[in-house]
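One file, final37.csv, carrying CSV, C-alpha atoms and all ligand atoms:
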chain,number,residue,atom,x,y,z
Z,1,MET,CA,-4.1,-33.7,-29.0
Z,2,ARG,CA,-0.6,-35.0,-29.4
Z,3,ARG,CA,1.6,-34.2,-26.3
Z,4,ILE,CA,4.7,-32.2,-27.1
Z,5,ASP,CA,7.6,-32.9,-24.8
Z,6,GLY,CA,9.9,-29.9,-24.9
Z,7,PRO,CA,12.8,-29.1,-22.7
Z,8,LYS,CA,12.0,-28.7,-19.0
Z,9,LEU,CA,10.5,-25.3,-18.2
Z,10,ALA,CA,11.6,-23.2,-15.2
Z,11,ASP,CA,10.4,-24.4,-11.8
Z,12,ARG,CA,8.8,-21.0,-11.1
Z,13,LEU,CA,6.2,-21.7,-13.8
Z,14,GLN,CA,4.9,-24.7,-11.8
Z,15,ALA,CA,4.2,-22.5,-8.9
Z,16,ILE,CA,2.0,-19.9,-10.7
Z,17,PRO,CA,-1.6,-20.4,-9.5
Z,18,PRO,CA,-4.4,-20.0,-12.0
Z,19,PHE,CA,-6.6,-16.9,-11.9
Z,20,HIS,CA,-9.9,-18.4,-10.5
Z,21,VAL,CA,-11.7,-15.4,-12.0
Z,22,MET,CA,-11.0,-16.7,-15.5
Z,23,GLU,CA,-13.5,-19.4,-14.9
Z,24,ILE,CA,-16.1,-16.7,-14.3
Z,25,VAL,CA,-14.9,-14.8,-17.3
Z,26,ARG,CA,-15.3,-17.9,-19.5
Z,27,ILE,CA,-18.8,-18.5,-18.3
Z,28,ALA,CA,-19.6,-14.8,-18.8
Z,29,GLU,CA,-18.3,-14.9,-22.4
Z,30,ALA,CA,-20.4,-18.1,-23.2
Z,31,LEU,CA,-23.5,-16.5,-21.7
Z,32,GLU,CA,-22.9,-13.3,-23.6
Z,33,ALA,CA,-22.5,-15.3,-26.8
Z,34,SER,CA,-25.9,-16.8,-26.2
Z,35,GLY,CA,-27.5,-13.4,-25.8
Z,36,VAL,CA,-27.5,-13.1,-22.0
Z,37,ASP,CA,-27.1,-9.6,-20.6
Z,38,VAL,CA,-23.9,-9.9,-18.4
Z,39,ILE,CA,-23.0,-7.2,-15.9
Z,40,HIS,CA,-19.2,-7.2,-15.5
Z,41,LEU,CA,-18.0,-6.4,-12.0
Z,42,GLU,CA,-15.1,-8.8,-12.1
Z,43,VAL,CA,-12.2,-7.1,-14.0
Z,44,GLY,CA,-10.1,-4.4,-12.4
Z,45,GLU,CA,-10.4,-1.9,-15.2
Z,46,PRO,CA,-12.3,1.4,-15.3
Z,47,ASP,CA,-15.3,1.5,-17.6
Z,48,PHE,CA,-14.6,5.1,-18.6
Z,49,PRO,CA,-13.1,5.8,-22.0
Z,50,THR,CA,-9.7,7.4,-22.5
Z,51,SER,CA,-10.0,11.2,-22.9
Z,52,PRO,CA,-10.7,12.2,-26.5
Z,53,SER,CA,-7.8,14.7,-26.3
Z,54,VAL,CA,-5.4,11.9,-25.4
Z,55,ILE,CA,-6.6,9.9,-28.4
Z,56,GLU,CA,-6.2,12.9,-30.7
Z,57,ARG,CA,-2.7,13.5,-29.4
Z,58,ALA,CA,-1.9,9.8,-30.0
Z,59,CYS,CA,-3.1,10.0,-33.6
Z,60,ALA,CA,-1.2,13.2,-34.2
Z,61,ALA,CA,1.9,11.6,-32.7
Z,62,LEU,CA,1.6,8.5,-34.9
Z,63,HIS,CA,1.2,10.7,-38.0
Z,64,ALA,CA,4.2,12.8,-37.0
Z,65,GLY,CA,6.3,9.6,-36.9
Z,66,LYS,CA,6.6,9.3,-33.1
Z,67,THR,CA,6.9,5.6,-33.6
Z,68,ARG,CA,10.5,5.0,-32.7
Z,69,TYR,CA,12.4,4.3,-29.4
Z,70,THR,CA,12.5,7.2,-27.0
Z,71,ASP,CA,15.0,8.1,-24.3
Z,72,ALA,CA,15.0,5.0,-21.9
Z,73,ARG,CA,13.9,7.2,-19.0
Z,74,GLY,CA,10.9,8.5,-21.0
Z,75,ILE,CA,10.3,11.6,-23.0
Z,76,GLN,CA,11.4,14.7,-21.1
Z,77,PRO,CA,8.1,16.7,-21.5
Z,78,LEU,CA,6.2,13.8,-19.9
Z,79,ARG,CA,8.6,13.5,-17.0
Z,80,ASP,CA,8.4,17.3,-16.5
Z,81,ALA,CA,4.6,17.1,-16.7
Z,82,LEU,CA,4.5,14.4,-13.9
Z,83,SER,CA,6.9,16.5,-11.8
Z,84,ARG,CA,4.6,19.6,-12.2
Z,85,TRP,CA,1.6,17.4,-11.4
Z,86,TYR,CA,3.2,16.2,-8.1
Z,87,GLN,CA,4.1,19.9,-7.5
Z,88,GLY,CA,0.4,20.7,-7.7
Z,89,GLN,CA,-0.2,18.1,-5.0
Z,90,GLY,CA,2.4,19.8,-2.8
Z,91,LEU,CA,5.1,17.2,-3.5
Z,92,ASN,CA,8.6,18.0,-4.7
Z,93,VAL,CA,9.5,15.3,-7.1
Z,94,PRO,CA,12.2,16.4,-9.7
Z,95,ALA,CA,11.8,15.1,-13.2
Z,96,SER,CA,15.2,13.5,-12.9
Z,97,ARG,CA,13.8,10.9,-10.5
Z,98,ILE,CA,10.9,10.0,-12.7
Z,99,GLN,CA,11.3,6.9,-14.9
Z,100,ILE,CA,8.5,6.2,-17.5
Z,101,THR,CA,7.6,2.5,-17.4
Z,102,VAL,CA,5.5,0.0,-19.3
Z,103,GLY,CA,2.5,0.4,-17.0
Z,104,ALA,CA,2.8,0.0,-13.3
Z,105,SER,CA,3.6,-3.7,-14.1
Z,106,GLY,CA,6.9,-2.5,-15.7
Z,107,GLY,CA,7.7,-0.4,-12.6
Z,108,LEU,CA,6.9,-3.3,-10.3
Z,109,LEU,CA,9.1,-5.7,-12.2
Z,110,LEU,CA,11.9,-3.1,-12.4
Z,111,SER,CA,11.7,-2.2,-8.7
Z,112,ALA,CA,11.8,-6.0,-7.8
Z,113,ALA,CA,14.8,-6.6,-10.1
Z,114,ALA,CA,16.6,-3.5,-8.7
Z,115,THR,CA,16.2,-4.5,-5.0
Z,116,THR,CA,16.0,-8.3,-4.8
Z,117,ASN,CA,18.8,-10.9,-5.0
Z,118,PRO,CA,18.0,-14.5,-5.6
Z,119,GLY,CA,16.8,-16.0,-2.3
Z,120,ASP,CA,15.9,-12.6,-0.8
Z,121,ALA,CA,12.5,-12.2,0.7
Z,122,VAL,CA,10.0,-9.4,0.1
Z,123,LEU,CA,7.5,-8.5,2.8
Z,124,MET,CA,4.0,-8.2,1.4
Z,125,ALA,CA,0.5,-8.0,2.8
Z,126,ASP,CA,-1.9,-11.0,2.4
Z,127,PRO,CA,-4.3,-10.4,0.6
Z,128,ALA,CA,-2.5,-8.8,-2.4
Z,129,TYR,CA,-2.8,-8.0,-6.1
Z,130,PRO,CA,-2.1,-11.4,-7.5
Z,131,CYS,CA,0.7,-10.4,-9.9
Z,132,ASN,CA,2.9,-8.9,-7.2
Z,133,PRO,CA,4.4,-12.2,-6.0
Z,134,ARG,CA,5.2,-13.1,-9.6
Z,135,PHE,CA,7.4,-10.0,-10.0
Z,136,VAL,CA,9.4,-11.0,-7.0
Z,137,GLU,CA,9.6,-14.6,-8.0
Z,138,ALA,CA,10.6,-13.7,-11.6
Z,139,VAL,CA,13.9,-12.2,-10.2
Z,140,GLY,CA,14.5,-15.2,-7.9
Z,141,GLY,CA,13.0,-13.7,-4.7
Z,142,VAL,CA,10.4,-15.1,-2.4
Z,143,VAL,CA,7.4,-13.5,-0.7
Z,144,HIS,CA,7.3,-13.3,3.0
Z,145,TRP,CA,3.6,-12.8,3.6
Z,146,ILE,CA,2.3,-10.5,6.3
Z,147,PRO,CA,-1.0,-11.7,7.7
Z,148,THR,CA,-3.6,-9.0,7.9
Z,149,ASN,CA,-7.3,-8.9,8.7
Z,150,ALA,CA,-10.3,-6.7,8.5
Z,151,SER,CA,-9.5,-4.9,11.7
Z,152,THR,CA,-6.4,-3.3,10.1
Z,153,GLN,CA,-8.1,-2.8,6.7
Z,154,PHE,CA,-6.0,-5.6,5.4
Z,155,GLN,CA,-2.9,-3.4,5.6
Z,156,PRO,CA,0.2,-4.3,7.6
Z,157,ARG,CA,1.1,-2.5,10.8
Z,158,ALA,CA,4.6,-1.3,11.6
Z,159,ALA,CA,4.6,-3.3,14.9
Z,160,GLN,CA,4.0,-6.5,12.9
Z,161,LEU,CA,7.1,-5.8,10.8
Z,162,GLU,CA,9.3,-5.5,13.8
Z,163,ASP,CA,7.9,-8.8,15.2
Z,164,MET,CA,8.1,-10.9,12.1
Z,165,ALA,CA,10.9,-9.6,9.9
Z,166,THR,CA,14.0,-11.8,9.4
Z,167,GLU,CA,17.5,-11.2,8.0
Z,168,ARG,CA,16.3,-12.5,4.7
Z,169,ASP,CA,13.7,-9.8,4.2
Z,170,ARG,CA,15.3,-7.2,2.0
Z,171,SER,CA,12.3,-5.0,1.2
Z,172,LEU,CA,8.7,-4.2,1.9
Z,173,MET,CA,6.1,-3.8,-0.8
Z,174,LEU,CA,3.0,-1.8,0.0
Z,175,ALA,CA,-0.1,-0.9,-2.1
Z,176,HIS,CA,-1.7,2.4,-1.1
Z,177,PRO,CA,-4.7,2.1,-1.6
Z,178,ALA,CA,-4.6,-1.7,-2.3
Z,179,ASN,CA,-6.3,-4.1,-4.6
Z,180,PRO,CA,-8.6,-6.0,-3.7
Z,181,THR,CA,-9.7,-3.8,-0.8
Z,182,GLY,CA,-9.4,-0.2,-1.9
Z,183,GLN,CA,-8.0,0.4,1.6
Z,184,ALA,CA,-5.0,2.8,2.1
Z,185,VAL,CA,-2.3,2.6,4.8
Z,186,PRO,CA,-3.2,5.1,7.6
Z,187,ALA,CA,-0.7,8.0,7.5
Z,188,ILE,CA,0.7,7.3,10.9
Z,189,GLU,CA,1.5,3.7,10.0
Z,190,LEU,CA,2.9,4.7,6.7
Z,191,GLU,CA,5.3,7.1,8.5
Z,192,ARG,CA,6.3,4.3,10.9
Z,193,MET,CA,6.9,1.8,8.2
Z,194,ILE,CA,9.0,4.3,6.2
Z,195,GLN,CA,11.0,4.9,9.3
Z,196,TRP,CA,11.3,1.2,10.0
Z,197,CYS,CA,12.7,0.6,6.5
Z,198,ARG,CA,15.1,3.5,6.9
Z,199,ASN,CA,16.3,2.3,10.3
Z,200,THR,CA,16.7,-1.3,9.2
Z,201,ARG,CA,18.2,-0.4,5.8
Z,202,ARG,CA,15.4,-2.2,3.8
Z,203,HIS,CA,14.0,-1.0,0.5
Z,204,LEU,CA,10.5,0.2,0.4
Z,205,ILE,CA,8.3,0.0,-2.7
Z,206,VAL,CA,4.9,1.7,-2.6
Z,207,ASP,CA,2.4,1.0,-5.4
Z,208,GLU,CA,0.3,4.1,-5.6
Z,209,ILE,CA,-1.6,3.3,-8.8
Z,210,TYR,CA,-4.9,4.1,-7.1
Z,211,GLN,CA,-3.7,7.0,-5.0
Z,212,ASN,CA,-5.4,9.7,-7.1
Z,213,LEU,CA,-8.6,7.7,-7.1
Z,214,ALA,CA,-9.0,8.5,-3.4
Z,215,PHE,CA,-12.3,9.4,-1.7
Z,216,THR,CA,-10.8,11.2,1.3
Z,217,GLN,CA,-9.1,14.5,1.3
Z,218,ASP,CA,-6.4,13.4,3.7
Z,219,LEU,CA,-5.1,10.4,1.7
Z,220,GLN,CA,-1.5,11.5,1.1
Z,221,SER,CA,1.1,10.0,-1.2
Z,222,SER,CA,3.9,8.2,0.6
Z,223,LEU,CA,6.1,10.9,-1.1
Z,224,ALA,CA,4.8,13.4,1.4
Z,225,PHE,CA,6.7,11.5,4.1
Z,226,SER,CA,10.0,10.6,2.4
Z,227,ASP,CA,11.9,10.7,-0.9
Z,228,GLU,CA,14.0,7.6,0.0
Z,229,HIS,CA,11.8,4.9,-1.5
Z,230,PHE,CA,10.4,3.6,-4.8
Z,231,VAL,CA,6.9,4.8,-5.8
Z,232,ILE,CA,4.9,3.2,-8.6
Z,233,GLY,CA,2.3,5.2,-10.6
Z,234,SER,CA,0.3,4.5,-13.7
Z,235,PHE,CA,-1.9,6.1,-16.4
Z,236,SER,CA,-4.0,2.9,-16.4
Z,237,LYS,CA,-6.6,3.7,-13.8
Z,238,TYR,CA,-6.9,7.4,-13.0
Z,239,PHE,CA,-6.5,8.3,-16.7
Z,240,ASN,CA,-8.4,5.3,-18.1
Z,241,MET,CA,-5.5,4.1,-20.2
Z,242,THR,CA,-5.2,0.4,-19.3
Z,243,GLY,CA,-4.4,-0.7,-22.8
Z,244,TRP,CA,-1.8,2.0,-23.5
Z,245,ARG,CA,0.7,0.3,-21.2
Z,246,LEU,CA,2.1,3.4,-19.6
Z,247,GLY,CA,3.2,4.1,-16.0
Z,248,TRP,CA,6.0,5.7,-14.1
Z,249,MET,CA,8.2,5.1,-11.2
Z,250,VAL,CA,9.8,7.6,-8.8
Z,251,ILE,CA,13.2,6.3,-7.9
Z,252,PRO,CA,15.1,7.2,-4.7
Z,253,ASP,CA,18.5,8.9,-5.4
Z,254,TYR,CA,20.5,6.0,-4.0
Z,255,ALA,CA,19.1,3.7,-6.7
Z,256,LEU,CA,18.6,6.1,-9.5
Z,257,GLU,CA,21.4,5.6,-12.0
Z,258,ALA,CA,21.5,1.8,-11.6
Z,259,THR,CA,17.8,1.4,-11.9
Z,260,GLN,CA,17.6,3.6,-15.0
Z,261,ARG,CA,20.4,1.5,-16.6
Z,262,LEU,CA,18.5,-1.7,-15.9
Z,263,ALA,CA,15.3,-0.1,-17.3
Z,264,GLN,CA,17.1,0.5,-20.6
Z,265,HIS,CA,18.2,-3.1,-20.8
Z,266,LEU,CA,14.8,-4.6,-19.8
Z,267,PHE,CA,12.4,-2.5,-21.8
Z,268,ILE,CA,14.4,0.0,-24.0
Z,269,CYS,CA,11.4,2.4,-23.5
Z,270,ALA,CA,7.7,2.7,-22.9
Z,271,PRO,CA,5.5,3.0,-26.1
Z,272,SER,CA,6.5,6.2,-27.7
Z,273,PHE,CA,3.1,7.4,-29.1
Z,274,ALA,CA,1.5,6.6,-25.7
Z,275,GLN,CA,4.0,8.8,-24.0
Z,276,GLU,CA,3.3,11.6,-26.4
Z,277,ALA,CA,-0.5,11.1,-26.0
Z,278,ALA,CA,-0.2,11.1,-22.2
Z,279,LEU,CA,0.9,14.7,-22.3
Z,280,ALA,CA,-2.7,15.6,-22.9
Z,281,CYS,CA,-3.7,14.0,-19.6
Z,282,PHE,CA,-2.4,17.1,-17.8
Z,283,GLU,CA,-4.5,19.6,-19.8
Z,284,PRO,CA,-7.6,21.1,-18.1
Z,285,ASP,CA,-10.2,19.1,-20.0
Z,286,ALA,CA,-8.7,15.7,-19.3
Z,287,MET,CA,-8.0,16.7,-15.7
Z,288,ARG,CA,-11.6,17.8,-15.3
Z,289,ALA,CA,-12.8,14.5,-16.7
Z,290,ALA,CA,-10.5,12.4,-14.5
Z,291,GLU,CA,-11.7,14.3,-11.4
Z,292,ALA,CA,-15.4,13.8,-12.5
Z,293,HIS,CA,-14.7,10.1,-12.8
Z,294,ARG,CA,-13.2,9.9,-9.3
Z,295,ILE,CA,-16.4,11.6,-7.9
Z,296,GLU,CA,-18.6,9.2,-9.9
Z,297,LEU,CA,-16.6,6.2,-8.4
Z,298,GLN,CA,-17.2,7.6,-4.9
Z,299,ALA,CA,-21.0,7.8,-5.7
Z,300,ARG,CA,-20.9,4.2,-6.9
Z,301,ARG,CA,-19.2,3.1,-3.7
Z,302,ASP,CA,-21.7,4.9,-1.6
Z,303,LEU,CA,-24.6,3.3,-3.5
Z,304,LEU,CA,-23.1,-0.2,-3.3
Z,305,ILE,CA,-22.1,-0.5,0.3
Z,306,PRO,CA,-25.5,-0.2,2.0
Z,307,ARG,CA,-27.0,-2.4,-0.7
Z,308,LEU,CA,-24.4,-5.1,-0.1
Z,309,GLU,CA,-24.7,-4.9,3.7
Z,310,ALA,CA,-28.5,-5.3,3.4
Z,311,MET,CA,-27.9,-8.6,1.6
Z,312,GLY,CA,-25.7,-9.8,4.4
Z,313,PHE,CA,-22.3,-9.1,3.1
Z,314,GLN,CA,-19.9,-7.7,5.7
Z,315,ILE,CA,-17.6,-4.8,4.8
Z,316,ALA,CA,-14.9,-4.0,7.4
Z,317,ALA,CA,-14.5,-0.3,6.4
Z,318,ASP,CA,-15.5,1.8,3.5
Z,319,PRO,CA,-12.9,1.6,0.7
Z,320,ASP,CA,-10.6,4.7,0.8
Z,321,GLY,CA,-10.3,4.7,-3.0
Z,322,ALA,CA,-9.9,2.7,-6.3
Z,323,PHE,CA,-13.0,0.9,-7.5
Z,324,TYR,CA,-13.2,-2.2,-5.4
Z,325,VAL,CA,-15.1,-3.4,-2.4
Z,326,PHE,CA,-13.8,-6.6,-0.7
Z,327,VAL,CA,-16.7,-8.3,1.2
Z,328,ASP,CA,-17.0,-11.2,3.6
Z,329,ALA,CA,-19.8,-13.3,2.3
Z,330,SER,CA,-19.8,-15.8,5.2
Z,331,ASN,CA,-23.4,-14.9,6.1
Z,332,VAL,CA,-24.4,-15.9,2.5
Z,333,THR,CA,-22.0,-18.7,1.5
Z,334,GLN,CA,-19.1,-20.8,2.8
Z,335,ASN,CA,-17.7,-21.1,-0.7
Z,336,SER,CA,-17.4,-17.9,-2.5
Z,337,GLN,CA,-16.0,-19.5,-5.7
Z,338,GLN,CA,-19.1,-21.7,-6.0
Z,339,PHE,CA,-21.3,-18.6,-5.1
Z,340,CYS,CA,-19.6,-16.6,-7.9
Z,341,THR,CA,-20.1,-19.4,-10.4
Z,342,ASP,CA,-23.7,-19.9,-9.5
Z,343,LEU,CA,-24.3,-16.1,-9.5
Z,344,ILE,CA,-23.0,-15.6,-13.0
Z,345,ARG,CA,-24.8,-18.7,-14.4
Z,346,GLN,CA,-28.2,-17.7,-12.9
Z,347,THR,CA,-28.1,-13.9,-13.0
Z,348,GLY,CA,-25.4,-12.8,-15.4
Z,349,VAL,CA,-23.6,-10.8,-12.7
Z,350,ALA,CA,-19.9,-11.4,-12.8
Z,351,ILE,CA,-17.8,-10.9,-9.6
Z,352,THR,CA,-14.4,-12.2,-8.4
Z,353,PRO,CA,-13.9,-14.9,-5.7
Z,354,GLY,CA,-11.4,-13.7,-3.1
Z,355,VAL,CA,-9.2,-16.8,-3.4
Z,356,ASP,CA,-7.4,-15.0,-6.2
Z,357,PHE,CA,-6.0,-12.5,-3.7
Z,358,SER,CA,-5.1,-14.7,-0.7
Z,359,GLY,CA,-3.9,-18.2,0.0
Z,360,THR,CA,-4.9,-17.9,3.7
Z,361,LEU,CA,-8.2,-16.1,4.1
Z,362,PRO,CA,-11.3,-18.3,4.5
Z,363,PRO,CA,-12.9,-19.0,1.2
Z,364,THR,CA,-15.8,-16.6,1.9
Z,365,TRP,CA,-14.4,-13.4,0.5
Z,366,ILE,CA,-15.4,-11.7,-2.7
Z,367,ARG,CA,-14.1,-8.7,-4.7
Z,368,ILE,CA,-16.7,-6.5,-6.5
Z,369,ALA,CA,-15.3,-3.9,-9.0
Z,370,TYR,CA,-17.7,-1.0,-9.4
Z,371,THR,CA,-16.8,-0.5,-13.0
Z,372,GLN,CA,-20.3,0.0,-14.3
Z,373,PRO,CA,-22.6,3.1,-14.4
Z,374,ILE,CA,-25.0,3.6,-11.5
Z,375,ALA,CA,-28.0,2.2,-13.3
Z,376,ARG,CA,-26.1,-1.0,-14.1
Z,377,LEU,CA,-24.9,-1.3,-10.6
Z,378,GLU,CA,-28.5,-1.0,-9.3
Z,379,GLU,CA,-29.5,-3.7,-11.7
Z,380,ALA,CA,-26.7,-5.9,-10.5
Z,381,MET,CA,-27.6,-5.3,-6.9
Z,382,GLN,CA,-31.3,-6.2,-7.6
Z,383,ARG,CA,-30.2,-9.4,-9.4
Z,384,MET,CA,-27.9,-10.4,-6.5
Z,385,ALA,CA,-30.6,-9.7,-3.9
Z,386,ASP,CA,-33.1,-11.8,-5.8
Z,387,PHE,CA,-30.6,-14.6,-6.2
Z,388,ILE,CA,-29.7,-14.6,-2.4
Z,389,GLY,CA,-33.3,-14.1,-1.4
Z,390,GLY,CA,-34.9,-16.7,-3.5
Z,401,LIG,C1,-2.4,-2.8,-7.3
Z,401,LIG,C2,-2.1,-2.8,-8.8
Z,401,LIG,N1,-0.8,-2.6,-9.2
Z,401,LIG,C3,-0.5,-2.7,-10.5
Z,401,LIG,C4,-1.5,-3.0,-11.5
Z,401,LIG,C5,-1.0,-3.1,-12.9
Z,401,LIG,O1,-1.3,-1.9,-13.6
Z,401,LIG,P1,-0.8,-1.4,-15.0
Z,401,LIG,O2,-2.0,-1.6,-15.9
Z,401,LIG,O3,-0.4,0.0,-14.8
Z,401,LIG,O4,0.3,-2.3,-15.3
Z,401,LIG,C6,-2.8,-3.3,-11.1
Z,401,LIG,C7,-3.8,-3.6,-12.1
Z,401,LIG,O5,-4.9,-4.0,-11.8
Z,401,LIG,C8,-3.1,-3.2,-9.7
Z,401,LIG,O6,-4.4,-3.4,-9.2
For the file at hand, write its structure as structure tokens.
Ligand SMILES: Cc1ncc(COP(=O)(O)O)c(C=O)c1O
Amino acid sequence: MRRIDGPKLADRLQAIPPFHVMEIVRIAEALEASGVDVIHLEVGEPDFPTSPSVIERACAALHAGKTRYTDARGIQPLRDALSRWYQGQGLNVPASRIQITVGASGGLLLSAAATTNPGDAVLMADPAYPCNPRFVEAVGGVVHWIPTNASTQFQPRAAQLEDMATERDRSLMLAHPANPTGQAVPAIELERMIQWCRNTRRHLIVDEIYQNLAFTQDLQSSLAFSDEHFVIGSFSKYFNMTGWRLGWMVIPDYALEATQRLAQHLFICAPSFAQEAALACFEPDAMRAAEAHRIELQARRDLLIPRLEAMGFQIAADPDGAFYVFVDASNVTQNSQQFCTDLIRQTGVAITPGVDFSGTLPPTWIRIAYTQPIARLEEAMQRMADFIGG
């Protein structure tokens, strides 16, 4: 192919690492095209469908001409519905502080843009959701990685922040629970980190996209402890609406007006028919389905963990929520990327090498997304056990 020499692209593009899982996805696609039965445990997306009532509401909205821009903050009924939903969880979040966003991704970009000057650093746990550094870099910031390990469930500790933070660090970004681990920040640490940010006048951004997919009763939103930080939410995971590109952000009063102004300039609004459709999420049938899915995910986690441990994978602590388990495969392989490639080729089971989530962990970690029904997970575990055993 002829090389096209265009003008020089921004330096930040050179630094974007590839998603190693895409190699697995490519192999999976080729195998599927040749008729192989592939079990997909690699992509961070629920396998449940969007609720039929949400789909009906979207169709009605489209027919009713809800295809134009909305208020940049989001439609008022949806902001009210989210406020009532928080109220039902014992949290007082006025609709005025809720900004509807283009997925959690839109909220993460917006919060990074609202809090980061060029050259500022953002404290973030390693391992992390791989897109998070990109939001920071896109607005000229840099990531100051917080090393973590299995003994702290791969979440930072407040004492660490005190030891390692520099003048340059303007904010702290947490995920609660996190991707790739499904681990939450323990309540006591969350309170301490909130306090530390307040005392040191740093911004705090908490990604709570998986907070409603929690398996323990006592996993509280960070909003239970403070209303002075940014909280990111999404319809993608709990409401199975990944493709609808709809999320929200709770904005602290001190940043409210300026952040809403920026949202208007960056996005104009989130998809209008998706906002209308999402109103149906809060009706009893859709809420019942979402809750049933959460319980199903917990059952999948409980099936998977002993099976993985029996194969030699090490799991530091049971995931608190989401649909991931992050395992140390060092008893099985010293090269998880090679292991994942061989596994997909020989068994049709697709899982994600941990290298996508961390530049510093040894190359023995793997993320498994339990986004398949129980019977398929059992089949996947059997294929993996046969592969390792033989
Ligand atoms: C921790 C975390 N934050 C944000 C996102 C992006 O979600 P959305 O689809 O709402 O943009 C993901 C998606 O996997 C995620 O795992």
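For the choices Z:Glu378, Z:Glu29, Z:Glu45, Z:Asp71, the atom-to-atom distance to Z:Pro271 is smallest for Z:Asp71 when using only C-alpha atoms.
With only C-alpha atoms and all ligand atoms as the basis for measurement, Z:Cys131 is the residue among Z:Cys131, Z:Ala289, Z:Ile315, Z:Val355 that approaches ligand LIG 401 (chain Z) most closely.
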Go through chain Z residue by residue and, counting all atoms listed in the file, keep those with an atom at most 9 Å from ligand LIG 401 (chain Z); for each kept residue give the shortest atom pair and its distance in Å to one decimal, ordered by chain and increasing number, as JSON lines.
{"residue": "Z:Val43", "atom": "CA", "partner": "Z:LIG401", "partner_atom": "O5", "distance": 8.2}
{"residue": "Z:Gly44", "atom": "CA", "partner": "Z:LIG401", "partner_atom": "O5", "distance": 5.2}
{"residue": "Z:Glu45", "atom": "CA", "partner": "Z:LIG401", "partner_atom": "O5", "distance": 6.8}
{"residue": "Z:Thr101", "atom": "CA", "partner": "Z:LIG401", "partner_atom": "O3", "distance": 8.8}
{"residue": "Z:Val102", "atom": "CA", "partner": "Z:LIG401", "partner_atom": "O4", "distance": 7.0}
{"residue": "Z:Gly103", "atom": "CA", "partner": "Z:LIG401", "partner_atom": "O3", "distance": 3.7}
{"residue": "Z:Ala104", "atom": "CA", "partner": "Z:LIG401", "partner_atom": "O3", "distance": 3.5}
{"residue": "Z:Ser105", "atom": "CA", "partner": "Z:LIG401", "partner_atom": "O4", "distance": 3.8}
{"residue": "Z:Gly106", "atom": "CA", "partner": "Z:LIG401", "partner_atom": "O4", "distance": 6.6}
{"residue": "Z:Gly107", "atom": "CA", "partner": "Z:LIG401", "partner_atom": "O4", "distance": 8.1}
{"residue": "Z:Leu108", "atom": "CA", "partner": "Z:LIG401", "partner_atom": "C3", "distance": 7.4}
{"residue": "Z:Ala128", "atom": "CA", "partner": "Z:LIG401", "partner_atom": "C1", "distance": 7.7}
{"residue": "Z:Tyr129", "atom": "CA", "partner": "Z:LIG401", "partner_atom": "C1", "distance": 5.4}
{"residue": "Z:Pro130", "atom": "CA", "partner": "Z:LIG401", "partner_atom": "O6", "distance": 8.5}
{"residue": "Z:Cys131", "atom": "CA", "partner": "Z:LIG401", "partner_atom": "C3", "distance": 7.8}
{"residue": "Z:Asn132", "atom": "CA", "partner": "Z:LIG401", "partner_atom": "N1", "distance": 7.6}
{"residue": "Z:Ala175", "atom": "CA", "partner": "Z:LIG401", "partner_atom": "C1", "distance": 6.0}
{"residue": "Z:His176", "atom": "CA", "partner": "Z:LIG401", "partner_atom": "C1", "distance": 8.1}
{"residue": "Z:Pro177", "atom": "CA", "partner": "Z:LIG401", "partner_atom": "C1", "distance": 7.9}
{"residue": "Z:Ala178", "atom": "CA", "partner": "Z:LIG401", "partner_atom": "C1", "distance": 5.6}
{"residue": "Z:Asn179", "atom": "CA", "partner": "Z:LIG401", "partner_atom": "C1", "distance": 4.9}
{"residue": "Z:Pro180", "atom": "CA", "partner": "Z:LIG401", "partner_atom": "O6", "distance": 7.4}
{"residue": "Z:Asp207", "atom": "CA", "partner": "Z:LIG401", "partner_atom": "N1", "distance": 6.1}
{"residue": "Z:Glu208", "atom": "CA", "partner": "Z:LIG401", "partner_atom": "C1", "distance": 7.6}
{"residue": "Z:Ile209", "atom": "CA", "partner": "Z:LIG401", "partner_atom": "N1", "distance": 6.0}
{"residue": "Z:Tyr210", "atom": "CA", "partner": "Z:LIG401", "partner_atom": "C1", "distance": 7.3}
{"residue": "Z:Ile232", "atom": "CA", "partner": "Z:LIG401", "partner_atom": "N1", "distance": 8.2}
{"residue": "Z:Gly233", "atom": "CA", "partner": "Z:LIG401", "partner_atom": "O3", "distance": 7.2}
{"residue": "Z:Ser234", "atom": "CA", "partner": "Z:LIG401", "partner_atom": "O3", "distance": 4.7}
{"residue": "Z:Phe235", "atom": "CA", "partner": "Z:LIG401", "partner_atom": "O3", "distance": 6.5}
{"residue": "Z:Ser236", "atom": "CA", "partner": "Z:LIG401", "partner_atom": "O3", "distance": 4.9}
{"residue": "Z:Lys237", "atom": "CA", "partner": "Z:LIG401", "partner_atom": "O3", "distance": 7.3}
{"residue": "Z:Met241", "atom": "CA", "partner": "Z:LIG401", "partner_atom": "O2", "distance": 8.0}
{"residue": "Z:Thr242", "atom": "CA", "partner": "Z:LIG401", "partner_atom": "O2", "distance": 5.1}
{"residue": "Z:Gly243", "atom": "CA", "partner": "Z:LIG401", "partner_atom": "O2", "distance": 7.4}
{"residue": "Z:Trp244", "atom": "CA", "partner": "Z:LIG401", "partner_atom": "O2", "distance": 8.4}
{"residue": "Z:Arg245", "atom": "CA", "partner": "Z:LIG401", "partner_atom": "O2", "distance": 6.2}
{"residue": "Z:Leu246", "atom": "CA", "partner": "Z:LIG401", "partner_atom": "O3", "distance": 6.4}
{"residue": "Z:Gly247", "atom": "CA", "partner": "Z:LIG401", "partner_atom": "O3", "distance": 5.6}
{"residue": "Z:Trp248", "atom": "CA", "partner": "Z:LIG401", "partner_atom": "O3", "distance": 8.6}
{"residue": "Z:Ala322", "atom": "CA", "partner": "Z:LIG401", "partner_atom": "O6", "distance": 8.7}
